[in-house]
Amino acid sequence: QVQLVESGGGLMQAGGSLRLSCAASGQTFSNFAMGWFRQAPGKGREFVAAINWSGGRTYYADSVKGRFTISRDNVKATLYLQMNTLKPEDTAVYHCAAAPRPFGTVVVAESEYNYWGQGTQVTVSS
């Protein structure tokens with residue numbers, strides 16, 4: 001089992017920045033590819049960004065490319081999402097997720113993630 005706990009959400013004005021964190025425990029963090037997903041009110045969950053086990057490979061949804069940066073610290077067993085130039089359409093609950101991929105590549109498909117955090121709310125006002 002892997003436990004994931006997100007933090008760092010909040011209320012921000014458009015154009016501002018936030019950094020989300022996801023603390024992992026239970027298994028060796030570097031054995032997992034990690035991702036961020038989000039769910040806006042009344043909508044399905046959507047992919048935001050993914051990172052491979054080492055942090056050497058990343059992948060982003062077009063809607064956040066150039067504004068968000070995913071990173072990880074395998075020593076601290078923590079995943080991050082730096083969000084800049086926030087827009088009202090970024091308002092959502094943000095979830096981190098883990099997929100077992102020792103020495104593997106990024107994982108984009110939601111169905112391949114085995115473990116999920118409870119989420120942290122990000123609200124961006126115009």
# chains A, B, ... in the order shown; residues from 1 in each chain; ligands from 1
call {"tool": "residues_around", "arguments": {"residues": "region 13-24 of chain A", "least_positions_apart": "5", "cutoff": "9 Å", "atoms": "only C-alpha atoms", "output": "PDB file with N, CA and C atoms, in the first residue's frame"}}
result
ATOM      1  N   VAL A   2       0.370   2.259  -0.670  1.00  0.00           N
ATOM      2  CA  VAL A   2       1.022   3.564  -0.676  1.00  0.00           C
ATOM      3  C   VAL A   2       0.005   4.590  -0.186  1.00  0.00           C
ATOM      4  N   GLN A   3       0.420   5.397   0.753  1.00  0.00           N
ATOM      5  CA  GLN A   3      -0.439   6.480   1.240  1.00  0.00           C
ATOM      6  C   GLN A   3       0.062   7.794   0.641  1.00  0.00           C
ATOM      7  N   LEU A   4      -0.872   8.578   0.116  1.00  0.00           N
ATOM      8  CA  LEU A   4      -0.550   9.852  -0.522  1.00  0.00           C
ATOM      9  C   LEU A   4      -1.368  10.955   0.135  1.00  0.00           C
ATOM     10  N   VAL A   5      -0.692  12.022   0.539  1.00  0.00           N
ATOM     11  CA  VAL A   5      -1.371  13.141   1.190  1.00  0.00           C
ATOM     12  C   VAL A   5      -0.963  14.442   0.513  1.00  0.00           C
ATOM     13  N   GLU A   6      -1.934  15.101  -0.105  1.00  0.00           N
ATOM     14  CA  GLU A   6      -1.678  16.369  -0.788  1.00  0.00           C
ATOM     15  C   GLU A   6      -1.803  17.551   0.181  1.00  0.00           C
ATOM     16  N   SER A   7      -1.105  18.619  -0.151  1.00  0.00           N
ATOM     17  CA  SER A   7      -1.217  19.867   0.598  1.00  0.00           C
ATOM     18  C   SER A   7      -0.834  21.014  -0.324  1.00  0.00           C
ATOM     19  N   GLY A   8      -1.126  22.238   0.125  1.00  0.00           N
ATOM     20  CA  GLY A   8      -0.699  23.408  -0.623  1.00  0.00           C
ATOM     21  C   GLY A   8      -1.780  24.113  -1.406  1.00  0.00           C
ATOM     22  N   PHE A  29       9.397   5.138  -2.716  1.00  0.00           N
ATOM     23  CA  PHE A  29       8.817   6.154  -3.589  1.00  0.00           C
ATOM     24  C   PHE A  29       9.366   6.069  -5.010  1.00  0.00           C
ATOM     25  N   LYS A  76      12.978  12.753  -0.084  1.00  0.00           N
ATOM     26  CA  LYS A  76      11.893  13.195   0.796  1.00  0.00           C
ATOM     27  C   LYS A  76      10.575  12.472   0.500  1.00  0.00           C
ATOM     28  N   ALA A  77      10.563  11.644  -0.553  1.00  0.00           N
ATOM     29  CA  ALA A  77       9.343  10.930  -0.943  1.00  0.00           C
ATOM     30  C   ALA A  77       8.184  11.899  -1.144  1.00  0.00           C
ATOM     31  N   THR A  78       8.449  12.934  -1.905  1.00  0.00           N
ATOM     32  CA  THR A  78       7.450  13.987  -2.114  1.00  0.00           C
ATOM     33  C   THR A  78       7.383  14.372  -3.587  1.00  0.00           C
ATOM     34  N   LEU A  79       6.161  14.553  -4.042  1.00  0.00           N
ATOM     35  CA  LEU A  79       5.857  15.014  -5.393  1.00  0.00           C
ATOM     36  C   LEU A  79       5.394  16.462  -5.311  1.00  0.00           C
ATOM     37  N   TYR A  80       5.743  17.260  -6.329  1.00  0.00           N
ATOM     38  CA  TYR A  80       5.362  18.666  -6.329  1.00  0.00           C
ATOM     39  C   TYR A  80       4.672  19.038  -7.641  1.00  0.00           C
ATOM     40  N   LEU A  81       3.866  20.087  -7.554  1.00  0.00           N
ATOM     41  CA  LEU A  81       3.312  20.704  -8.759  1.00  0.00           C
ATOM     42  C   LEU A  81       3.383  22.214  -8.557  1.00  0.00           C
ATOM     43  N   GLN A  82       4.294  22.858  -9.269  1.00  0.00           N
ATOM     44  CA  GLN A  82       4.395  24.303  -9.246  1.00  0.00           C
ATOM     45  C   GLN A  82       3.445  24.856 -10.297  1.00  0.00           C
ATOM     46  N   MET A  83       2.509  25.674  -9.861  1.00  0.00           N
ATOM     47  CA  MET A  83       1.489  26.210 -10.759  1.00  0.00           C
ATOM     48  C   MET A  83       1.650  27.731 -10.838  1.00  0.00           C
ATOM     49  N   ASN A  84       1.992  28.207 -12.016  1.00  0.00           N
ATOM     50  CA  ASN A  84       2.166  29.646 -12.251  1.00  0.00           C
ATOM     51  C   ASN A  84       1.099  30.163 -13.210  1.00  0.00           C
ATOM     52  N   THR A  85       0.949  31.457 -13.229  1.00  0.00           N
ATOM     53  CA  THR A  85      -0.017  32.108 -14.125  1.00  0.00           C
ATOM     54  C   THR A  85      -1.373  31.404 -14.057  1.00  0.00           C
ATOM     55  N   LEU A  86      -1.862  31.249 -12.858  1.00  0.00           N
ATOM     56  CA  LEU A  86      -3.119  30.525 -12.650  1.00  0.00           C
ATOM     57  C   LEU A  86      -4.290  31.234 -13.323  1.00  0.00           C
ATOM     58  N   LYS A  87      -5.227  30.421 -13.812  1.00  0.00           N
ATOM     59  CA  LYS A  87      -6.430  30.903 -14.479  1.00  0.00           C
ATOM     60  C   LYS A  87      -7.659  30.387 -13.729  1.00  0.00           C
ATOM     61  N   PRO A  88      -8.787  31.087 -13.838  1.00  0.00           N
ATOM     62  CA  PRO A  88     -10.003  30.580 -13.178  1.00  0.00           C
ATOM     63  C   PRO A  88     -10.347  29.145 -13.595  1.00  0.00           C
ATOM     64  N   TYR A  94      -7.279  18.894  -6.783  1.00  0.00           N
ATOM     65  CA  TYR A  94      -6.098  18.293  -7.381  1.00  0.00           C
ATOM     66  C   TYR A  94      -5.697  17.049  -6.590  1.00  0.00           C
ATOM     67  N   HIS A  95      -5.515  15.955  -7.324  1.00  0.00           N
ATOM     68  CA  HIS A  95      -5.144  14.677  -6.725  1.00  0.00           C
ATOM     69  C   HIS A  95      -3.782  14.231  -7.255  1.00  0.00           C
ATOM     70  N   CYS A  96      -2.954  13.695  -6.366  1.00  0.00           N
ATOM     71  CA  CYS A  96      -1.756  13.019  -6.842  1.00  0.00           C
ATOM     72  C   CYS A  96      -2.045  11.516  -6.899  1.00  0.00           C
ATOM     73  N   ALA A  97      -1.283  10.818  -7.733  1.00  0.00           N
ATOM     74  CA  ALA A  97      -1.500   9.394  -7.927  1.00  0.00           C
ATOM     75  C   ALA A  97      -0.174   8.699  -8.194  1.00  0.00           C
ATOM     76  N   GLY A 117      -4.405  10.091  -3.745  1.00  0.00           N
ATOM     77  CA  GLY A 117      -4.597  10.901  -2.562  1.00  0.00           C
ATOM     78  C   GLY A 117      -6.007  11.446  -2.505  1.00  0.00           C
ATOM     79  N   THR A 120      -6.556  18.142  -2.856  1.00  0.00           N
ATOM     80  CA  THR A 120      -6.482  19.461  -2.241  1.00  0.00           C
ATOM     81  C   THR A 120      -7.167  20.457  -3.177  1.00  0.00           C
ATOM     82  N   VAL A 122      -7.997  23.775  -5.105  1.00  0.00           N
ATOM     83  CA  VAL A 122      -7.391  24.992  -5.656  1.00  0.00           C
ATOM     84  C   VAL A 122      -8.517  25.820  -6.265  1.00  0.00           C
ATOM     85  N   THR A 123      -8.641  27.052  -5.798  1.00  0.00           N
ATOM     86  CA  THR A 123      -9.665  27.960  -6.312  1.00  0.00           C
ATOM     87  C   THR A 123      -8.983  29.221  -6.829  1.00  0.00           C
ATOM     88  N   VAL A 124      -9.242  29.552  -8.087  1.00  0.00           N
ATOM     89  CA  VAL A 124      -8.633  30.721  -8.710  1.00  0.00           C
ATOM     90  C   VAL A 124      -9.737  31.709  -9.062  1.00  0.00           C
ATOM     91  N   SER A 125      -9.651  32.891  -8.475  1.00  0.00           N
ATOM     92  CA  SER A 125     -10.667  33.920  -8.728  1.00  0.00           C
ATOM     93  C   SER A 125     -10.208  34.857  -9.846  1.00  0.00           C
ATOM     94  N   SER A 126     -11.169  35.381 -10.566  1.00  0.00           N
ATOM     95  CA  SER A 126     -10.844  36.275 -11.702  1.00  0.00           C
ATOM     96  C   SER A 126     -10.742  37.721 -11.262  1.00  0.00           C
TER      97      SER A 126
END
call {"tool": "closest_residue", "arguments": {"among": "A:Gly42, A:Gly26, A:Gly10, A:Gly35", "to": "Glu112 (chain A)", "atoms": "only C-alpha atoms"}}
result
A:Gly35
call {"tool": "select_by_dssp", "arguments": {"residues": "chain A", "states": "strand (DSSP E)", "output": "number ranges by chain"}}
result
A: 3-7, 10-13, 18-25, 32-39, 45-51, 58-60, 68-73, 78-83, 92-100, 115-116, 120-125
call {"tool": "residues_around", "arguments": {"residues": "Pro41 (chain A)", "least_positions_apart": "2", "cutoff": "10 Å", "atoms": "only C-alpha atoms", "output": "VMD selection string"}}
result
chain A and resid 39 43 to 45 91 to 93
